[in-house]
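Undergrad: One structure, as structure tokens, below. Some questions next.
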Amino acid sequence: MSLLGKTRGGTERASPSAPPSSSQPGNLRASNALKDFLWLLSDVEHGHILDLGPVAQSTVSFFTERGFKVYAEDLLRSWQQHLRQEEARLRNAPAGSKMDLDRAALAENFMNENLVHPAGTFHAVLAWDLLDYLDSELLPRVVARLYDILRSDGLVLGVFHSKLAESFHRYRVVDAQHIELIPTHALFPPQRALQNREILNLFSRFRTSKTFVGRDQLREALITR
């Protein structure tokens, strides 16, 4: 089985304004977490935000108009490329050579080349639903790195599925109250559906967290370093 194939293996309140999810492009979702996220960042001047999805011009424009510098690092795409490179390395290895397939080593090597930023670089991170798709060895390493690269009181905005996701979406900020879920081809199948206690445990080094339950099987989380 290929490396890619092997990968396929706080307070909480309701979000009454969130419309049901659809598979059609242009699916807008009211976001209470985004509203709180923006409120907590309202006093930040010349801040830095890291978006862990692909570049979305509306998200970049939204935050740059508010004085932020936006960095984009499509972590799932980078992880996919990393696994493909390892597969190519194995195919090209000399016959009889011993090659390391250890998942922990793969994750560690990936982290040596990705999310590499000085400590305290960012005021906030847009994680979207990335953490539901990461390899089990990679997940805790990414969360630990987010803690390191965030400033004190830095924020993580995340989205979690209440059950294994049935479709894959990319996210972009539309305005101060809405995000858009854009269906696209899945880079990986979902790896997990974290419940509230599991989210708290995953972010145990962080100071506080708040979750918002929607009617579309999505839970938003706002986590403070």
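In the structure tokens, each chain is lettered A, B, ... as it comes, each chain's residues begin at 1, and ligands are numbered from 1 in order of appearance.
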Step one, run DSSP on the backbone; step two, keep only residues of segment 79-148 of chain A assigned to strand (DSSP E); then write them as a tab-separated table (two decimals) with C-alpha atoms, in the first residue's frame.
TA:
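Printed below is out20.tsv as written:
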chain	number	residue	atom	x	y	z
A	122	PHE	CA	1.59	35.25	14.40
A	123	HIS	CA	-1.32	36.90	16.16
A	124	ALA	CA	-3.76	34.33	14.74
A	125	VAL	CA	-4.05	31.15	12.67
A	126	LEU	CA	-6.92	30.11	10.41
A	127	ALA	CA	-6.81	26.32	10.75
A	128	TRP	CA	-10.27	25.61	9.24
Undergrad: Tell me which protein, DNA and RNA residues are within 12 Å of Asn114 of chain A, counting only C-alpha atoms, leaving out same-chain ones fewer than 3 positions away, and put them as a PyMOL selection string.
TA: chain A and resi 52+72-79+81-82+107-111+117+138+141-142+145-146
Undergrad: Report as a Markdown table the residues of segment 79-197 of chain A within 10 Å of segment 63-68 of chain A, each with its shortest atom pair and distance in Å (one decimal), using only C-alpha atoms, ordered by chain and increasing residue number.
TA:
| residue | atom | partner | partner_atom | distance |
| --- | --- | --- | --- | --- |
| A:His123 | CA | A:Phe68 | CA | 9.5 |
| A:Val173 | CA | A:Phe63 | CA | 9.1 |
| A:Asp175 | CA | A:Phe63 | CA | 9.9 |
| A:Ala176 | CA | A:Phe63 | CA | 10.0 |
Undergrad: As a list of chain:residue names, please: the residues near segment 179-191 of chain A (cut-off 6 Å, only C-alpha atoms, same-chain neighbours under 3 positions excluded).
TA: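 The residues that qualify are A:Arg8, A:Pro25, A:Asn27, A:Leu28, A:Arg29, A:Asp132, A:Tyr133, A:Phe168, A:His169, A:Arg170, A:Tyr171, A:Arg172, A:Val173, A:Val174.
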Undergrad: Please indicate the distance in Å from atom CA of Ala119 of chain A to atom CA of Ser209 of chain A, rounded to one decimal place.
TA: 21.1 Å
Undergrad: Restricting the calculation to only C-alpha atoms, which member of A:Leu90, A:Leu155, A:Leu131, A:Leu218 is positioned closest to Gly53 of chain A?
TA: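 Looking only at the distances to Gly53 of chain A, the closest residue turns out to be A:Leu131.
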Undergrad: Tell me which protein, DNA and RNA residues are within 9 Å of Arg103 of chain A, counting only C-alpha atoms, leaving out same-chain ones fewer than 6 positions away, and put them as a list in words.
TA: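 Answer for this query is Asp135, Ser136, Glu137 and Leu138 of chain A.
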Undergrad: Restrict the selected residues to C-alpha atoms and save them as a PDB file, in the first residue's frame.
TA:
ATOM      1  CA  ASP A 135      -2.177  11.901   9.859  1.00  0.00           C
ATOM      2  CA  SER A 136      -2.287  10.791  13.523  1.00  0.00           C
ATOM      3  CA  GLU A 137       1.489  11.199  13.859  1.00  0.00           C
ATOM      4  CA  LEU A 138       1.395  14.645  12.283  1.00  0.00           C
TER       5      LEU A 138
END
Undergrad: What does the structure give for the distance between atom CA of Arg219 of chain A and atom CA of Thr59 of chain A, in Å to one decimal?
TA: 20.4 Å
Undergrad: DSSP on the backbone, helix (DSSP H, G or I) only: what residues of segment 23-141 of chain A does that give? Format it as a PyMOL selection string.
TA: chain A and resi 32-40+57-64+75-91+103-113+130-132+138-141
Undergrad: Can you build me a table of segment 143-172 of chain A residues sitting at most 12 Å from segment 199-208 of chain A, with the closest atom pair per residue and its distance in Å to one decimal, using only C-alpha atoms, sorted by chain and residue number, as a tab-separated table?
TA:
residue	atom	partner	partner_atom	distance
A:Val143	CA	A:Phe203	CA	7.1
A:Ala144	CA	A:Arg205	CA	8.4
A:Arg145	CA	A:Phe203	CA	11.4
A:Leu146	CA	A:Phe203	CA	10.0
A:Tyr147	CA	A:Phe206	CA	7.3
A:Asp148	CA	A:Arg205	CA	10.5
A:Leu150	CA	A:Phe206	CA	10.5
A:Arg151	CA	A:Phe206	CA	11.4
A:Ser152	CA	A:Arg207	CA	9.6
A:Asp153	CA	A:Arg207	CA	8.2
A:Gly154	CA	A:Phe206	CA	9.5
A:Leu155	CA	A:Phe206	CA	9.5
A:Val156	CA	A:Phe206	CA	9.8
A:Gly158	CA	A:Ile199	CA	10.1
A:Val159	CA	A:Ile199	CA	10.6
A:Phe160	CA	A:Ile199	CA	8.8
A:His161	CA	A:Ile199	CA	11.3
A:Ser162	CA	A:Ile199	CA	11.5
